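Enquirer: my_file34.cif is reproduced in full below (mmCIF, C-alpha atoms and all ligand atoms).
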data_entry
#
loop_
_atom_site.group_PDB
_atom_site.id
_atom_site.type_symbol
_atom_site.label_atom_id
_atom_site.label_comp_id
_atom_site.auth_asym_id
_atom_site.auth_seq_id
_atom_site.Cartn_x
_atom_site.Cartn_y
_atom_site.Cartn_z
ATOM 1 C CA MET A 1 0.000 0.000 0.000
ATOM 2 C CA LYS A 2 2.749 2.470 0.927
ATOM 3 C CA ASN A 3 4.503 2.394 -2.494
ATOM 4 C CA LEU A 4 1.303 3.108 -4.352
ATOM 5 C CA LEU A 5 0.464 5.912 -1.926
ATOM 6 C CA HIS A 6 3.930 7.417 -2.166
ATOM 7 C CA SER A 7 3.723 7.612 -5.946
ATOM 8 C CA ALA A 8 0.211 9.104 -5.883
ATOM 9 C CA PHE A 9 1.376 11.594 -3.310
ATOM 10 C CA ALA A 10 4.422 12.621 -5.343
ATOM 11 C CA THR A 11 2.381 12.924 -8.541
ATOM 12 C CA LEU A 12 -0.397 15.002 -7.055
ATOM 13 C CA LEU A 13 1.885 17.352 -5.187
ATOM 14 C CA PRO A 14 2.598 20.088 -5.611
ATOM 15 C CA SER A 15 2.111 20.724 -9.324
ATOM 16 C CA VAL A 16 -1.467 19.498 -9.563
ATOM 17 C CA LEU A 17 -2.717 20.911 -6.289
ATOM 18 C CA GLN A 18 -1.153 24.369 -6.516
ATOM 19 C CA THR A 19 -2.135 25.032 -2.914
ATOM 20 C CA LYS A 20 1.223 26.229 -1.612
ATOM 21 C CA ASN A 21 0.783 29.092 0.867
ATOM 22 C CA LYS A 22 -2.936 29.171 0.142
ATOM 23 C CA GLN A 23 -4.217 28.450 3.666
ATOM 24 C CA ARG A 24 -6.533 25.507 3.106
ATOM 25 C CA LEU A 25 -8.164 23.438 5.842
ATOM 26 C CA SER A 26 -9.990 20.193 5.083
ATOM 27 C CA ILE A 27 -12.494 19.392 7.849
ATOM 28 C CA LEU A 28 -13.576 15.749 7.704
ATOM 29 C CA THR A 29 -17.064 14.691 8.807
ATOM 30 C CA TYR A 30 -17.699 11.331 10.443
ATOM 31 C CA HIS A 31 -20.763 10.027 12.250
ATOM 32 C CA ARG A 32 -20.129 6.481 13.398
ATOM 33 C CA VAL A 33 -17.267 4.007 13.419
ATOM 34 C CA MET A 34 -18.778 0.516 13.362
ATOM 35 C CA PRO A 35 -17.213 -2.511 15.080
ATOM 36 C CA SER A 36 -17.794 -4.545 11.891
ATOM 37 C CA PHE A 37 -19.694 -4.228 8.615
ATOM 38 C CA ASP A 38 -23.352 -3.392 9.232
ATOM 39 C CA TYR A 39 -25.674 -4.120 6.288
ATOM 40 C CA MET A 40 -28.089 -1.456 7.613
ATOM 41 C CA ARG A 41 -25.309 1.160 7.511
ATOM 42 C CA PRO A 42 -22.967 0.123 4.678
ATOM 43 C CA THR A 43 -21.505 3.614 4.204
ATOM 44 C CA GLN A 44 -20.257 3.989 7.790
ATOM 45 C CA PRO A 45 -16.580 3.073 8.188
ATOM 46 C CA ILE A 46 -15.682 0.035 10.256
ATOM 47 C CA ALA A 47 -12.867 0.117 12.827
ATOM 48 C CA SER A 48 -10.187 -1.296 10.490
ATOM 49 C CA GLU A 49 -11.062 1.233 7.756
ATOM 50 C CA PHE A 50 -11.108 4.102 10.204
ATOM 51 C CA GLU A 51 -7.706 3.004 11.436
ATOM 52 C CA TRP A 52 -6.013 3.097 8.028
ATOM 53 C CA GLN A 53 -7.684 6.462 7.418
ATOM 54 C CA MET A 54 -6.164 7.850 10.647
ATOM 55 C CA GLU A 55 -2.781 6.282 9.838
ATOM 56 C CA LEU A 56 -2.912 7.915 6.427
ATOM 57 C CA LEU A 57 -3.794 11.305 7.948
ATOM 58 C CA ALA A 58 -0.955 10.975 10.451
ATOM 59 C CA TYR A 59 1.506 10.030 7.714
ATOM 60 C CA TYR A 60 0.640 12.360 4.825
ATOM 61 C CA PHE A 61 -1.383 15.214 6.308
ATOM 62 C CA ASN A 62 -1.212 17.672 9.199
ATOM 63 C CA PRO A 63 -4.058 16.849 11.604
ATOM 64 C CA LEU A 64 -4.828 19.750 13.964
ATOM 65 C CA PRO A 65 -7.370 20.580 16.661
ATOM 66 C CA LEU A 66 -10.112 22.764 15.128
ATOM 67 C CA SER A 67 -9.401 25.815 17.323
ATOM 68 C CA GLU A 68 -5.662 25.683 16.613
ATOM 69 C CA ALA A 69 -6.225 25.247 12.880
ATOM 70 C CA LEU A 70 -8.560 28.253 12.744
ATOM 71 C CA SER A 71 -6.166 30.349 14.761
ATOM 72 C CA LEU A 72 -3.225 29.413 12.501
ATOM 73 C CA MET A 73 -5.367 30.113 9.440
ATOM 74 C CA SER A 74 -6.227 33.602 10.741
ATOM 75 C CA TYR A 75 -2.486 34.365 10.971
ATOM 76 C CA GLY A 76 -1.781 32.823 7.552
ATOM 77 C CA GLU A 77 0.342 30.138 9.195
ATOM 78 C CA LEU A 78 -1.612 26.984 8.431
ATOM 79 C CA PRO A 79 0.665 24.137 7.287
ATOM 80 C CA GLU A 80 0.124 22.440 3.929
ATOM 81 C CA ARG A 81 -2.497 19.652 3.906
ATOM 82 C CA ALA A 82 -4.034 20.725 7.215
ATOM 83 C CA VAL A 83 -6.959 18.539 8.301
ATOM 84 C CA CYS A 84 -9.418 18.424 11.197
ATOM 85 C CA VAL A 85 -11.423 15.329 12.133
ATOM 86 C CA THR A 86 -15.006 15.872 13.328
ATOM 87 C CA PHE A 87 -17.862 13.576 14.367
ATOM 88 C CA ASP A 88 -21.542 14.560 14.414
ATOM 89 C CA ASP A 89 -24.360 13.506 16.764
ATOM 90 C CA GLY A 90 -22.601 11.838 19.742
ATOM 91 C CA TYR A 91 -22.594 8.101 19.040
ATOM 92 C CA ALA A 92 -21.210 5.795 21.737
ATOM 93 C CA ASP A 93 -18.847 4.191 19.219
ATOM 94 C CA ASN A 94 -17.002 7.524 18.980
ATOM 95 C CA GLU A 95 -15.738 6.825 22.491
ATOM 96 C CA GLU A 96 -15.673 3.022 22.368
ATOM 97 C CA ILE A 97 -14.103 2.461 18.940
ATOM 98 C CA ALA A 98 -12.813 5.737 17.456
ATOM 99 C CA LEU A 99 -11.114 7.153 20.565
ATOM 100 C CA PRO A 100 -8.476 4.399 20.958
ATOM 101 C CA LEU A 101 -7.632 4.703 17.248
ATOM 102 C CA LEU A 102 -7.474 8.506 17.382
ATOM 103 C CA SER A 103 -5.154 8.175 20.389
ATOM 104 C CA ARG A 104 -2.968 5.554 18.694
ATOM 105 C CA TRP A 105 -2.323 7.839 15.710
ATOM 106 C CA LYS A 106 -2.383 11.071 17.768
ATOM 107 C CA ILE A 107 -5.213 12.591 15.736
ATOM 108 C CA PRO A 108 -7.038 15.513 17.411
ATOM 109 C CA ALA A 109 -10.822 15.522 16.932
ATOM 110 C CA THR A 110 -14.022 17.426 17.663
ATOM 111 C CA VAL A 111 -17.225 15.553 18.550
ATOM 112 C CA PHE A 112 -20.472 17.526 18.105
ATOM 113 C CA VAL A 113 -23.080 16.242 20.558
ATOM 114 C CA ALA A 114 -26.883 16.553 20.354
ATOM 115 C CA THR A 115 -27.584 16.607 24.090
ATOM 116 C CA ASP A 116 -31.178 15.280 24.228
ATOM 117 C CA PHE A 117 -30.033 11.797 23.171
ATOM 118 C CA LEU A 118 -27.319 11.279 25.770
ATOM 119 C CA ASN A 119 -27.772 8.425 28.269
ATOM 120 C CA GLY A 120 -30.027 6.035 26.394
ATOM 121 C CA GLY A 121 -31.703 8.238 23.791
ATOM 122 C CA ARG A 122 -32.011 7.480 20.102
ATOM 123 C CA MET A 123 -32.297 9.748 17.084
ATOM 124 C CA TRP A 124 -35.471 9.177 15.029
ATOM 125 C CA ASN A 125 -33.569 8.037 11.948
ATOM 126 C CA ASP A 126 -31.771 5.395 14.028
ATOM 127 C CA THR A 127 -35.124 4.289 15.410
ATOM 128 C CA VAL A 128 -36.309 3.661 11.838
ATOM 129 C CA ILE A 129 -33.090 1.789 10.944
ATOM 130 C CA GLU A 130 -33.108 -0.380 14.078
ATOM 131 C CA ALA A 131 -36.844 -1.110 13.753
ATOM 132 C CA LEU A 132 -36.440 -2.310 10.176
ATOM 133 C CA ARG A 133 -33.450 -4.414 11.211
ATOM 134 C CA ILE A 134 -35.560 -6.453 13.646
ATOM 135 C CA ALA A 135 -38.875 -6.278 11.760
ATOM 136 C CA GLU A 136 -40.407 -9.681 11.025
ATOM 137 C CA GLY A 137 -42.653 -10.840 8.200
ATOM 138 C CA GLN A 138 -42.531 -10.142 4.477
ATOM 139 C CA VAL A 139 -43.744 -6.546 4.415
ATOM 140 C CA PHE A 140 -43.595 -3.514 6.677
ATOM 141 C CA ASP A 141 -46.960 -1.856 6.128
ATOM 142 C CA LEU A 142 -47.221 1.892 6.740
ATOM 143 C CA THR A 143 -50.105 2.555 4.319
ATOM 144 C CA ALA A 144 -52.353 3.591 7.222
ATOM 145 C CA MET A 145 -49.861 6.407 7.908
ATOM 146 C CA GLY A 146 -49.875 7.656 4.325
ATOM 147 C CA LEU A 147 -46.659 5.874 3.397
ATOM 148 C CA ALA A 148 -46.175 2.642 1.460
ATOM 149 C CA SER A 149 -45.997 -1.047 2.265
ATOM 150 C CA TYR A 150 -42.329 -2.029 2.123
ATOM 151 C CA SER A 151 -41.045 -5.441 1.150
ATOM 152 C CA ILE A 152 -38.576 -6.736 3.785
ATOM 153 C CA ASN A 153 -37.728 -10.229 2.553
ATOM 154 C CA SER A 154 -33.963 -9.699 2.509
ATOM 155 C CA LEU A 155 -31.334 -7.672 4.357
ATOM 156 C CA GLU A 156 -31.008 -5.485 1.270
ATOM 157 C CA GLU A 157 -34.777 -4.830 1.207
ATOM 158 C CA LYS A 158 -34.732 -3.943 4.906
ATOM 159 C CA ARG A 159 -31.964 -1.418 4.330
ATOM 160 C CA LEU A 160 -33.771 0.032 1.307
ATOM 161 C CA ALA A 161 -37.054 0.271 3.235
ATOM 162 C CA ALA A 162 -35.373 2.128 6.128
ATOM 163 C CA ASN A 163 -33.643 4.553 3.766
ATOM 164 C CA THR A 164 -36.846 5.203 1.826
ATOM 165 C CA ILE A 165 -38.877 5.853 4.980
ATOM 166 C CA ILE A 166 -36.173 8.187 6.356
ATOM 167 C CA ARG A 167 -36.050 10.120 3.092
ATOM 168 C CA GLU A 168 -39.865 10.400 2.994
ATOM 169 C CA ILE A 169 -40.342 11.755 6.521
ATOM 170 C CA LYS A 170 -37.086 13.687 7.025
ATOM 171 C CA HIS A 171 -38.590 17.062 6.197
ATOM 172 C CA TRP A 172 -41.995 16.527 7.765
ATOM 173 C CA PRO A 173 -42.932 18.672 10.785
ATOM 174 C CA PRO A 174 -41.419 17.053 13.923
ATOM 175 C CA ASP A 175 -44.874 16.320 15.456
ATOM 176 C CA LYS A 176 -46.124 14.451 12.414
ATOM 177 C CA ARG A 177 -42.817 12.621 12.024
ATOM 178 C CA GLY A 178 -42.879 11.710 15.714
ATOM 179 C CA GLU A 179 -46.311 10.090 15.277
ATOM 180 C CA ILE A 180 -45.047 7.865 12.468
ATOM 181 C CA VAL A 181 -41.927 6.943 14.406
ATOM 182 C CA ASP A 182 -44.104 5.989 17.401
ATOM 183 C CA VAL A 183 -46.162 3.714 15.152
ATOM 184 C CA ILE A 184 -42.970 2.148 13.767
ATOM 185 C CA VAL A 185 -41.722 1.521 17.325
ATOM 186 C CA SER A 186 -45.024 -0.132 18.229
ATOM 187 C CA MET A 187 -44.682 -2.555 15.298
ATOM 188 C CA VAL A 188 -41.408 -4.152 16.464
ATOM 189 C CA GLY A 189 -39.726 -5.552 19.593
ATOM 190 C CA GLN A 190 -37.141 -4.009 21.873
ATOM 191 C CA LEU A 191 -34.906 -1.356 20.262
ATOM 192 C CA PRO A 192 -31.339 -0.630 21.420
ATOM 193 C CA SER A 193 -30.775 2.130 23.975
ATOM 194 C CA ASN A 194 -26.978 2.174 23.843
ATOM 195 C CA LEU A 195 -26.385 3.873 20.499
ATOM 196 C CA MET A 196 -25.544 7.296 21.901
ATOM 197 C CA MET A 197 -22.961 8.276 24.504
ATOM 198 C CA THR A 198 -23.513 8.471 28.238
ATOM 199 C CA ASP A 199 -22.332 11.536 30.178
ATOM 200 C CA ASP A 200 -19.350 9.469 31.313
ATOM 201 C CA GLN A 201 -18.386 8.740 27.720
ATOM 202 C CA VAL A 202 -18.540 12.438 26.784
ATOM 203 C CA LYS A 203 -16.334 13.179 29.810
ATOM 204 C CA SER A 204 -13.977 10.372 28.797
ATOM 205 C CA LEU A 205 -13.567 11.909 25.323
ATOM 206 C CA ASN A 206 -13.038 15.333 26.858
ATOM 207 C CA ASN A 207 -10.476 14.000 29.348
ATOM 208 C CA SER A 208 -8.600 12.382 26.463
ATOM 209 C CA GLY A 209 -8.241 15.758 24.748
ATOM 210 C CA VAL A 210 -11.138 15.442 22.300
ATOM 211 C CA ASP A 211 -12.867 18.791 21.771
ATOM 212 C CA ILE A 212 -16.614 18.616 22.534
ATOM 213 C CA GLY A 213 -18.851 20.841 20.401
ATOM 214 C CA ALA A 214 -22.605 21.442 20.420
ATOM 215 C CA HIS A 215 -25.020 20.050 17.816
ATOM 216 C CA THR A 216 -28.289 21.428 19.331
ATOM 217 C CA MET A 217 -30.399 19.577 21.897
ATOM 218 C CA SER A 218 -32.920 17.704 19.744
ATOM 219 C CA HIS A 219 -31.232 17.799 16.319
ATOM 220 C CA PRO A 220 -33.978 19.760 14.517
ATOM 221 C CA ILE A 221 -33.509 21.202 11.053
ATOM 222 C CA LEU A 222 -33.140 24.832 12.160
ATOM 223 C CA SER A 223 -34.935 26.334 9.159
ATOM 224 C CA THR A 224 -38.163 24.592 10.286
ATOM 225 C CA LEU A 225 -38.126 26.350 13.698
ATOM 226 C CA GLU A 226 -39.114 29.765 15.049
ATOM 227 C CA LEU A 227 -36.073 31.905 15.846
ATOM 228 C CA GLY A 228 -36.778 31.655 19.592
ATOM 229 C CA GLN A 229 -36.648 27.863 19.387
ATOM 230 C CA VAL A 230 -33.357 27.996 17.491
ATOM 231 C CA LYS A 231 -31.915 30.184 20.234
ATOM 232 C CA GLU A 232 -33.082 27.657 22.847
ATOM 233 C CA GLU A 233 -31.495 24.767 20.933
ATOM 234 C CA LEU A 234 -28.185 26.650 20.707
ATOM 235 C CA THR A 235 -27.967 27.968 24.266
ATOM 236 C CA GLY A 236 -29.492 24.834 25.818
ATOM 237 C CA SER A 237 -27.011 22.428 24.249
ATOM 238 C CA LYS A 238 -24.054 24.738 24.953
ATOM 239 C CA ALA A 239 -25.024 25.233 28.615
ATOM 240 C CA HIS A 240 -25.728 21.510 29.105
ATOM 241 C CA LEU A 241 -22.292 20.460 27.830
ATOM 242 C CA GLU A 242 -20.476 23.280 29.640
ATOM 243 C CA ALA A 243 -22.092 22.317 32.954
ATOM 244 C CA MET A 244 -21.175 18.671 32.382
ATOM 245 C CA LEU A 245 -17.562 19.351 31.403
ATOM 246 C CA GLY A 246 -16.856 22.449 33.485
ATOM 247 C CA ALA A 247 -15.281 24.015 30.405
ATOM 248 C CA PRO A 248 -16.378 26.321 27.577
ATOM 249 C CA VAL A 249 -17.936 24.768 24.454
ATOM 250 C CA ARG A 250 -16.689 26.805 21.525
ATOM 251 C CA HIS A 251 -17.806 25.006 18.375
ATOM 252 C CA PHE A 252 -21.144 24.207 16.757
ATOM 253 C CA ALA A 253 -22.309 21.956 13.916
ATOM 254 C CA TYR A 254 -25.620 22.675 12.125
ATOM 255 C CA PRO A 255 -27.956 19.635 12.029
ATOM 256 C CA ASN A 256 -28.164 18.360 8.447
ATOM 257 C CA GLY A 257 -26.080 21.438 7.699
ATOM 258 C CA ARG A 258 -26.912 22.601 4.160
ATOM 259 C CA PRO A 259 -26.552 26.425 4.006
ATOM 260 C CA GLY A 260 -29.725 28.201 2.913
ATOM 261 C CA ILE A 261 -31.739 24.964 3.156
ATOM 262 C CA ASP A 262 -31.272 23.434 6.616
ATOM 263 C CA TYR A 263 -30.287 26.753 8.207
ATOM 264 C CA ARG A 264 -30.384 30.415 7.187
ATOM 265 C CA MET A 265 -28.150 33.460 7.717
ATOM 266 C CA GLU A 266 -30.176 34.588 10.760
ATOM 267 C CA HIS A 267 -29.325 31.242 12.389
ATOM 268 C CA ARG A 268 -25.666 31.646 11.517
ATOM 269 C CA ASP A 269 -25.742 35.121 13.149
ATOM 270 C CA LEU A 270 -27.365 33.662 16.261
ATOM 271 C CA VAL A 271 -24.601 31.029 16.524
ATOM 272 C CA GLU A 272 -22.050 33.858 16.598
ATOM 273 C CA ILE A 273 -24.097 35.988 19.024
ATOM 274 C CA GLU A 274 -24.562 33.086 21.440
ATOM 275 C CA GLY A 275 -20.810 32.851 21.890
ATOM 276 C CA PHE A 276 -19.616 30.081 19.617
ATOM 277 C CA ASP A 277 -16.146 30.768 18.140
ATOM 278 C CA ALA A 278 -16.812 28.812 14.955
ATOM 279 C CA ALA A 279 -19.362 26.531 13.275
ATOM 280 C CA VAL A 280 -19.313 23.863 10.587
ATOM 281 C CA SER A 281 -21.870 23.144 7.873
ATOM 282 C CA THR A 282 -22.135 20.235 5.449
ATOM 283 C CA GLN A 283 -21.317 22.434 2.458
ATOM 284 C CA TRP A 284 -18.855 20.376 0.426
ATOM 285 C CA GLY A 285 -15.338 21.738 0.132
ATOM 286 C CA VAL A 286 -12.200 22.984 1.864
ATOM 287 C CA ALA A 287 -12.082 25.967 4.224
ATOM 288 C CA SER A 288 -9.768 28.849 3.345
ATOM 289 C CA GLY A 289 -8.896 32.271 4.720
ATOM 290 C CA MET A 290 -11.936 33.543 2.788
ATOM 291 C CA SER A 291 -14.394 31.198 4.519
ATOM 292 C CA ASP A 292 -17.017 32.425 6.980
ATOM 293 C CA ARG A 293 -15.798 31.132 10.348
ATOM 294 C CA TRP A 294 -19.414 30.361 11.365
ATOM 295 C CA GLN A 295 -20.142 28.356 8.192
ATOM 296 C CA LEU A 296 -17.044 26.301 7.550
ATOM 297 C CA PRO A 297 -17.395 23.735 4.749
ATOM 298 C CA ARG A 298 -16.568 20.096 5.379
ATOM 299 C CA PHE A 299 -15.727 16.959 3.489
ATOM 300 C CA THR A 300 -17.127 13.464 4.022
ATOM 301 C CA PRO A 301 -14.630 10.736 3.155
ATOM 302 C CA TRP A 302 -16.325 7.674 1.714
ATOM 303 C CA ASP A 303 -13.711 5.867 -0.358
ATOM 304 C CA LYS A 304 -12.990 2.314 0.672
ATOM 305 C CA THR A 305 -9.378 2.103 -0.498
ATOM 306 C CA PRO A 306 -6.408 4.127 0.818
ATOM 307 C CA LEU A 307 -5.369 5.325 -2.642
ATOM 308 C CA ARG A 308 -8.825 6.640 -3.535
ATOM 309 C CA PHE A 309 -9.303 8.107 -0.069
ATOM 310 C CA MET A 310 -6.031 10.005 -0.258
ATOM 311 C CA THR A 311 -6.528 11.153 -3.833
ATOM 312 C CA ARG A 312 -9.984 12.515 -3.126
ATOM 313 C CA LEU A 313 -8.807 14.238 0.034
ATOM 314 C CA LEU A 314 -5.866 15.832 -1.795
ATOM 315 C CA LEU A 315 -8.110 16.986 -4.635
ATOM 316 C CA ASN A 316 -10.526 18.461 -2.089
ATOM 317 C CA PHE A 317 -7.821 20.993 -1.214
ATOM 318 C CA ARG A 318 -8.462 22.546 -4.632
ATOM 319 C CA ASN A 319 -12.118 23.138 -3.876
ATOM 320 C CA PRO A 320 -12.463 26.186 -1.583
ATOM 321 C CA ALA A 321 -16.028 26.962 -0.491
HETATM 322 ZN ZN ZN A 401 -26.240 15.427 13.001
#
Would you mind writing the file out in structure tokens?
Expert:
Amino acid sequence: MKNLLHSAFATLLPSVLQTKNKQRLSILTYHRVMPSFDYMRPTQPIASEFEWQMELLAYYFNPLPLSEALSLMSYGELPERAVCVTFDDGYADNEEIALPLLSRWKIPATVFVATDFLNGGRMWNDTVIEALRIAEGQVFDLTAMGLASYSINSLEEKRLAANTIIREIKHWPPDKRGEIVDVIVSMVGQLPSNLMMTDDQVKSLNNSGVDIGAHTMSHPILSTLELGQVKEELTGSKAHLEAMLGAPVRHFAYPNGRPGIDYRMEHRDLVEIEGFDAAVSTQWGVASGMSDRWQLPRFTPWDKTPLRFMTRLLLNFRNPA
């Protein structure tokens, strides 16, 4: 693997990238790191994949804590190929599986936590996924709720059904979506309550040097809320985490995160007013000195081979947003 990577590295740099002295910061987005391949979540990296990704970052890139990277960028002193690793939502596997690997390769990270789900909670999309995983029978019938009847004869059909249901109800008003999710829960057996971190796990990350950021309380799409509710989600999650950790929480990640769609400029302004030093969106690209510090773009790695992963990450440095 190393020889192939070395030659790709030498070819792509620096002539193709042309990023020298250009102050570029690639902020990677992760959600989960799975113990092994999960057919319900095939796009999430497993531990062994995450490990070679961290090894590759340690070897070829300059991983930095988010606050340090932003500070260096503001002085024009960011090193070449600077990267930050971030996780959204607050999954328990961030502490159980990712943390030892981050520590092994000395990779700083920020974990953005949605506080309502700590200590046994579950995000609605995970409820749908876990329900379909354990659903029995040949079909999962939601016609009474205005949705379809989904064929669940194979693992692949179960995954497809979950994804389709999530896509259908994602942008529904929370009340209406909650009703459907309650019905889905009532159709299956016991669902897991250990997907998200406990307070102790958040503290464990924090004690190991992982930066803890806020990701609202209930993970709403901000553009669907009144401004007062957005303010509550921002201040509530920040205060909750600060009280738990006894330290300031400086960074924020927008739920779903598409600028102008999932949040608007007035929400971005509120994030700054409420005392966050910086915020990340899901806008695709690399941050530069020109980026809005409260709407930093990110990059989701998805390639399953080291060469493709590295190539895509290097090419991302050419894509300022
Ligand atoms: Zn999220």
Enquirer: Counting only C-alpha atoms and all ligand atoms, give me one row per residue of chain A with an atom at most 7 Å from an atom of ligand ZN 401 (chain A), showing the shortest contact pair and its distance in Å to one decimal, sorted by chain then residue number, as CSV.
Expert:
residue,atom,partner,partner_atom,distance
A:Asp88,CA,A:ZN401,ZN,5.0
A:Asp89,CA,A:ZN401,ZN,4.6
A:His215,CA,A:ZN401,ZN,6.8
A:His219,CA,A:ZN401,ZN,6.4
A:Pro255,CA,A:ZN401,ZN,4.6
A:Asn256,CA,A:ZN401,ZN,5.7
Enquirer: Hey, can you spit out that residue selection with C-alpha atoms as a tab-separated table (two decimals), keeping the file's coordinate frame?
Expert:
chain	number	residue	atom	x	y	z
A	88	ASP	CA	-21.54	14.56	14.41
A	89	ASP	CA	-24.36	13.51	16.76
A	215	HIS	CA	-25.02	20.05	17.82
A	219	HIS	CA	-31.23	17.80	16.32
A	255	PRO	CA	-27.96	19.64	12.03
A	256	ASN	CA	-28.16	18.36	8.45
Enquirer: (-5.6, 13.2, 4.9) in this file's frame - what residues fall within 8 Å of it? Use all atoms listed in the file and give the answer as a PyMOL selection string.
Expert: chain A and resi 53-54+56-58+60-63+81+83+310+313-314
Enquirer: May I ask for the distance between atom CA of A:Ser154 and atom CA of A:His31, given in Å to one decimal place?
Expert: 25.7 Å
Enquirer: Enter the distance from atom CA of A:Ser218 to atom CA of A:Leu25, in Å, rounded to one decimal.
Expert: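 Computing it gives 29.0 Å between the two atoms.
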Enquirer: For the structure shown, which residues end up in the PyMOL selection byres (((chain A and resi 240-249) around 8) and not hetatm)? Put them as a ChimeraX atom specification, please?
Expert: /A:115,199,203,206,212-214,236-239,250-251,276
Enquirer: Applying 12 Å and all atoms listed in the file, which residues near A:Ile166 remain after dropping the ones on its own chain fewer than 6 positions away? List them as a CSV table (one decimal) with C-alpha atoms, in the frame of the given file.
Expert:
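This went into part.csv:
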chain,number,residue,atom,x,y,z
A,123,MET,CA,-32.3,9.7,17.1
A,124,TRP,CA,-35.5,9.2,15.0
A,125,ASN,CA,-33.6,8.0,11.9
A,126,ASP,CA,-31.8,5.4,14.0
A,127,THR,CA,-35.1,4.3,15.4
A,128,VAL,CA,-36.3,3.7,11.8
A,129,ILE,CA,-33.1,1.8,10.9
A,130,GLU,CA,-33.1,-0.4,14.1
A,131,ALA,CA,-36.8,-1.1,13.8
A,132,LEU,CA,-36.4,-2.3,10.2
A,147,LEU,CA,-46.7,5.9,3.4
A,159,ARG,CA,-32.0,-1.4,4.3
A,160,LEU,CA,-33.8,0.0,1.3
A,172,TRP,CA,-42.0,16.5,7.8
A,177,ARG,CA,-42.8,12.6,12.0
A,180,ILE,CA,-45.0,7.9,12.5
A,181,VAL,CA,-41.9,6.9,14.4
A,184,ILE,CA,-43.0,2.1,13.8
Enquirer: Could you please determine the separation between atom CA of A:Glu49 and atom CA of A:Arg133 in Å, to one decimal place?
Expert: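 These two atoms are separated by 23.3 Å.
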Enquirer: Running the PyMOL selection byres (((chain A and resi 302) around 9) and not hetatm) on this model by hand, what would come out? Give it as a PyMOL selection string.
Expert: chain A and resi 43-45+300-301+303-304+309
Enquirer: Which of these residues is nearest to A:Ala279, using only C-alpha atoms: A:Ala92, A:Met217, A:Leu234, A:Leu101?
Expert: A:Leu234
Enquirer: Would you compute, for all listed atoms of stretch 243-259 of chain A, the axis-aligned bounding box grown by 6 Å on each side, and then report its centre and edge lengths in Å rounded to one decimal, as JSON?
Expert:
{"center_x": -21.7, "center_y": 22.6, "center_z": 18.7, "size_x": 24.9, "size_y": 20.4, "size_z": 41.5}
Enquirer: Which residue gives the smallest distance to A:Met196 among A:Thr305, A:Asn119, A:Ser151, A:Ser71, with only C-alpha atoms counted?
Expert: A:Asn119
